[in-house]
Amino acid sequence: MRSRSNSGLRLDYFRDQIQAVILTRQDPNSGLIRSSTDGFYYNLAWIRDNVYASLCVWGLSLAYRKSGSDESASAFQLEQIVVKIMRGLLQCFASQADKIERFKVSLNRADALHSVYDAATCSSCVADDDWGHLQLDALSLYLLTLAQMTTSGLEIIYTADEVALVQNLVFCVELSHRTPDFGVWERGEKSNQGVVELNASSVGMAKAALHALDGLDLYGSNGGGPDSLIHVAPDELARCGYALNAMLPRESNSKEVDAALLSVIGYPAFAVENSYLIKRTRDDILNKLEGRYGCARFLRDGYRTVLEDPNRLHYHYYELVKFENIESEWPLFWALLLLDAIFRGDGQDAEYYRSSLENILVVSISDDGALVMPELYIVPAESIDEERSRPHTVDRHAAGQIPHIWSQSLYYLAQMLLERLISPAELDPLNLRQPTIQSEVVVQVVVACECEEIARVMEDDGFLFPTIQQLDNQIRILPGNHLNEMFTSLGTSSEQLNLSGRPTKESIGMLATSQLYRIDNLLLAFTPEFWARKGKFYLAMDTELLMDRLKMELYYLSKNWMQLGRPTLLLVLDKTILAENKCSIHILSMLRKFRDGYTTGTRIQLGSINDFRSTSCITHLVHLENLSKERLNVLLLRDKDTSIPESQPVSPSTSISERILSQRGINVMQIIRHFTETSKRKRIQLFSSSQQDFTEYYKNLKAESSSSLGYEQNDLRSALSTFFFFSDVEQRVETVLFMHSQWGGDYFVPELEESVSKLLKQQYHYACLSKNWYHVRLLAGTMRLAQFDLSSCANDLLVRNKQLTVGLPPVPREKTILCPSSREDLTKLIYSSCENDAAFAVLTQEIIVYLSMLIKTSPTLFGHMIRIRAGLIIQVLVSEFSLTSGISLDSGIDKLLALNPFQVKDLLFHILSGTDFGVEMNSSRPSSNTTSFVDRPLSRKHSFIHNLVSSIDADLNEDGDFHFSDGEWLRRRRLDGCLNRVPVGFYPVVWDVLTRVGEGIAVDGSMLYSGWTHEMTRLELKFALQVEAVFNRVTSPEYRQLLVEVVMILGHVSHLWLGHVLRLDNLLTTANSLFLTDHSVNNGRAKVPRMQTKWYKAEVEQNRLTNEIATKEATNLRAEVLVFKRKSNKELEKELKRVQDEVDEAESALAEAKRRRSVLELAKTGAAIQLKQTSENIVSCFFQ
């Protein structure tokens, strides 16, 4: 009988333990492991539990495998157990292939793969709506483990259909950065009311899985063919990384911290490369969740506590606070922390968690008396109050499932690592634990010309570029959208699974188009999607903006390139680059930088395809080789040039046009003028107003625009057609816009032999060529055009934890985008929120695109902004542009629309950064003598912003010492209010103030309820979003910002009870009055002329003036008096001393009242004193 070494004995010990505790639960047919041996969960198998259970078996097989040939039988047996578990889960997924097919398109939770199955049959056992099945972290964990095990040598995938199944699972996981799910704990929001949310643990696990599977051969060492490789969209992987980094250390909107993130920052995912972010997340978990028996899952987690109602799964929002400081503690997280310490090589931490785990093990009755890990430890009912008052001091007892399979498997794995039976490298053969060291990326740029004419122009400028026809014998050049179509057949399967491949709606990003592709012997290259200009949204027609975006994409490419080989960027120059038969100076400038080899922090190498063939990243599109020749030829066919002629027909003289029109008796010029003026009035009202009565006003304008016609349709159509043919360029645009407003796009005009929509397209094309941006925007909006990557641009904001709104306040006109949507859905939402105004809708799209560009390159601009309000940003663009240009608001709207896109983007950048700006007017702006832009006064009340500007202008004329610089605080508050910026720590301050009021805080007619603090924690993002939603109901940005300042001041008065309902409007009004009184007594510069008299009138006649008008007048007053706050230091010190004395007196009076009066009397007296004191503190803090 052979003798056993000590390591061999320990291996046998672990085999016996794993057999007794875990493998006794394995079903002999399916291979799945039951989560429990009795009770309700007896025959149920969870994906997550099975994958984690397989890890210790896999680890033990690795230990046996390396111990020598004598143990090969044991190693093989354990490996087959692991394979059976993984293939059992694969069978579960295959049984729901129809769900995979639906989910990858819809991302609907009703179409999600189930998270739990029958352990004996691999079939679903819980209905779609009876459980939170959408758990992308579990699916990602399976894919990650599959990649690691396959790399280690296990053979889990056998057939092509199984490869296709895994590829389609990858399609589902790729979009995890934009798919809210139920998360690790199957609950969604912590109230467990079936509300899904975006979880950092799901995004992180998906990122790790995608990184592990990219380019992996699922047949392992028996593969070698490209048909068993898994393809991952590199841009989706990059977006997962951005989303994860933006969310950490937070788990989700409702969980400010979650111990589940330990599996993301450490084993098994290792999904975070930033060491600071890893440490910050770990420290957050330890500081807020760690106890004497492990870690709580998240704050206010009621699971398995004695106060939890066992008769319902969900919690009422108000009851979450009762679980504070008594949350169940899970030893599972100590096991994860132990593994993390081992992988980090931190012996001290490893020893601490090892000894801690040994102290909380319990004896299992059902597993031969083995020491096992319980699911959790709970506070006994009799010790609840003591634990709340002194957290982590009460002895707890084990509860839940004993043993907890998930925890137990990780504990066995950690023990084997500590005893050096296996090494970290064996559990991580893909080396995910090592941060990727990215060397400097060199971007290879190839430039080709569309035709010989362009090539000759470039040659005159010193550049020798081939035409795409000359390159056809070397490489086939295609637009980027063709690559998207080629990937649609990736992952198709046989009829048994009926999987169709990659969804067509997902666009291909820059990382994908920067690779070369091969089909048999044919080499393919694709231009970036943003570079395609013909027939696209007009942003691509602005060469300066195109070059700016190219710089951004190069930066993105250099920071996210992870492929083998260098990125190769292919650019095709077409006729749109020409200006007066010369190349655009912006393109020439960029090409010279390419030739110099460096631009925007990125190394560039300019050359030819032949130069870069050996150094490029080349991907084999093997899935296309089985296509028919006809289908392949369709994919390889270049888009035909169906562009409209480059110039309009020459128009006859104006006298001929007028003579023909007079014969018909219809004054078409007057009709067009009336239509244009009406449209302009509507646009001015929309851009400058946020009043709730706008909808009715818009209806009146629409009726007015059509009520004055009074002509027969045929006569009017004939007259318009004649006018269209004989008019100039601007009149043609206005004519076709009028036709569209009257008859719609499908209406066919016999005299012009074209439909209205075709006429719109023609005029849009001509306007783009002539760079008449005012008409371009009007026509693009009328045609309801949409930027090709609008959805991706909005998603760039969302994945970085920003919410986006479109339209102007109030709700419901202003609509919030909470989760990613398709381009079609976004376009529909934008046009509906913009009251179908063409200019406002396309400007909204522009703003979303520019914000996407800026957040990638300058993320610090978006600090302290949770919700980005595109409508208010447009409004402040108009007001700031008008103010700095010295023009009226009416003219500012027209001139802003006439700016080229790059100028609008530059203006937005300066507003976000808070720097001064200047815009050079170009010739494309509308002239004052055309029928389109008739100067006229506004017939309705201007916006609040416009009134403020007008009042300051008036004061400039009255007081010689009142300068424009005095309005800087007004401007700053307007900008911060429109951009939704708040001071650092604002939301925690609101939470603190709410704990010192009875019902809540009244904000301009809305309420912040103190009950929110019972549901949401202090740093919870959901709380911040609730507060933001209330403050966003304040329609005036300046006034909103003043209210924010009031709350910050109240946060410093931490010792005061603030009453039952704290009314911020009253506090602001009182502060205003006290300030004016104080300055009047002390001969301050604040006076009581025109505006203050109006304010006092508003106070006296409140029955005739609404609260909204009163508060806005308060803001007017505030903006005017702020400039007179200059005092000497001695005066400030004297005022501070006086206020402090009053504070002391008030505190003394309050203390005396507490001794002498009842609780009720005390509350009333204290509230009155404290309200007065709060107002005085506001005054003091405002003007320090």
# chains A, B, ... in the order shown; residues from 1 in each chain; ligands from 1
>>> residues_around(residues="A:Ala110", least_positions_apart="3", cutoff="10 Å", atoms="only C-alpha atoms", output="list in words")
Lys99, Arg102, Phe103, Ser106, Leu107, Leu113, His114, Ala127, Asp128, Asp129, Gly132, His133 and Leu134 of chain A
>>> residues_around(residues="stretch 205-210 of chain A", least_positions_apart="3", cutoff="7 Å", atoms="only C-alpha atoms", output="ChimeraX atom specification")
/A:137,140-141,143-144,173,176,201-202,213-214,232,237,240-241,264,269-271
>>> write_last_selection(atoms="N, CA and C atoms", output="JSON list (two decimals), in the first residue's frame")
[["chain", "number", "residue", "atom", "x", "y", "z"],
["A", 137, "ASP", "N", -25.36, 39.38, -13.59],
["A", 137, "ASP", "CA", -24.13, 39.00, -12.90],
["A", 137, "ASP", "C", -23.97, 37.49, -12.87],
["A", 140, "SER", "N", -23.02, 36.35, -16.35],
["A", 140, "SER", "CA", -21.63, 36.76, -16.60],
["A", 140, "SER", "C", -20.65, 35.90, -15.81],
["A", 141, "LEU", "N", -21.02, 35.55, -14.59],
["A", 141, "LEU", "CA", -20.16, 34.68, -13.77],
["A", 141, "LEU", "C", -19.97, 33.33, -14.45],
["A", 143, "LEU", "N", -20.12, 32.72, -17.72],
["A", 143, "LEU", "CA", -19.26, 32.91, -18.90],
["A", 143, "LEU", "C", -17.80, 33.13, -18.49],
["A", 144, "LEU", "N", -17.59, 33.89, -17.42],
["A", 144, "LEU", "CA", -16.23, 34.10, -16.93],
["A", 144, "LEU", "C", -15.59, 32.79, -16.49],
["A", 173, "VAL", "N", -24.92, 39.84, -22.67],
["A", 173, "VAL", "CA", -24.10, 40.41, -21.61],
["A", 173, "VAL", "C", -23.43, 41.70, -22.05],
["A", 176, "SER", "N", -24.85, 44.98, -20.74],
["A", 176, "SER", "CA", -25.13, 45.06, -19.31],
["A", 176, "SER", "C", -24.95, 46.48, -18.78],
["A", 201, "SER", "N", -22.19, 45.60, -9.58],
["A", 201, "SER", "CA", -21.71, 44.22, -9.52],
["A", 201, "SER", "C", -22.04, 43.46, -10.80],
["A", 202, "SER", "N", -23.17, 43.76, -11.41],
["A", 202, "SER", "CA", -23.53, 43.11, -12.68],
["A", 202, "SER", "C", -22.66, 43.64, -13.82],
["A", 213, "LEU", "N", -13.54, 36.29, -22.50],
["A", 213, "LEU", "CA", -14.02, 35.50, -23.64],
["A", 213, "LEU", "C", -13.54, 36.04, -24.99],
["A", 214, "ASP", "N", -13.12, 37.30, -25.03],
["A", 214, "ASP", "CA", -12.76, 37.91, -26.31],
["A", 214, "ASP", "C", -11.63, 37.13, -26.99],
["A", 232, "VAL", "N", -16.18, 39.54, -29.22],
["A", 232, "VAL", "CA", -16.76, 40.53, -28.32],
["A", 232, "VAL", "C", -16.61, 41.90, -28.96],
["A", 237, "LEU", "N", -17.31, 46.55, -24.58],
["A", 237, "LEU", "CA", -16.44, 46.26, -23.45],
["A", 237, "LEU", "C", -15.91, 47.55, -22.83],
["A", 240, "CYS", "N", -18.65, 49.21, -20.81],
["A", 240, "CYS", "CA", -18.80, 48.55, -19.50],
["A", 240, "CYS", "C", -17.77, 49.09, -18.51],
["A", 241, "GLY", "N", -16.55, 49.28, -18.99],
["A", 241, "GLY", "CA", -15.51, 49.81, -18.11],
["A", 241, "GLY", "C", -15.81, 51.22, -17.65],
["A", 264, "VAL", "N", -16.15, 41.84, -7.48],
["A", 264, "VAL", "CA", -15.82, 42.59, -8.69],
["A", 264, "VAL", "C", -14.42, 43.18, -8.61],
["A", 269, "ALA", "N", -13.62, 38.24, -10.41],
["A", 269, "ALA", "CA", -13.73, 39.09, -11.61],
["A", 269, "ALA", "C", -12.46, 39.89, -11.90],
["A", 270, "PHE", "N", -11.89, 40.49, -10.85],
["A", 270, "PHE", "CA", -10.74, 41.39, -11.06],
["A", 270, "PHE", "C", -11.06, 42.40, -12.17],
["A", 271, "ALA", "N", -12.21, 43.05, -12.06],
["A", 271, "ALA", "CA", -12.71, 43.87, -13.16],
["A", 271, "ALA", "C", -12.24, 45.31, -13.12]]
>>> residues_around(residues="A:Ile47", least_positions_apart="5", cutoff="7 Å", atoms="only C-alpha atoms", output="NGL selection string")
:A and (89 or 115-116 or 138)
>>> closest_atom_pairs(of="stretch 496-602 of chain A", to="stretch 853-868 of chain A", cutoff="10 Å", atoms="only C-alpha atoms", output="CSV")
residue,atom,partner,partner_atom,distance
A:Asp548,CA,A:Met853,CA,9.2
A:Arg549,CA,A:Met853,CA,7.3
A:Lys551,CA,A:Thr857,CA,9.8
A:Met552,CA,A:Thr857,CA,6.8
A:Glu553,CA,A:Met853,CA,8.9
A:Tyr555,CA,A:Thr857,CA,8.0
A:Tyr556,CA,A:Lys856,CA,7.7
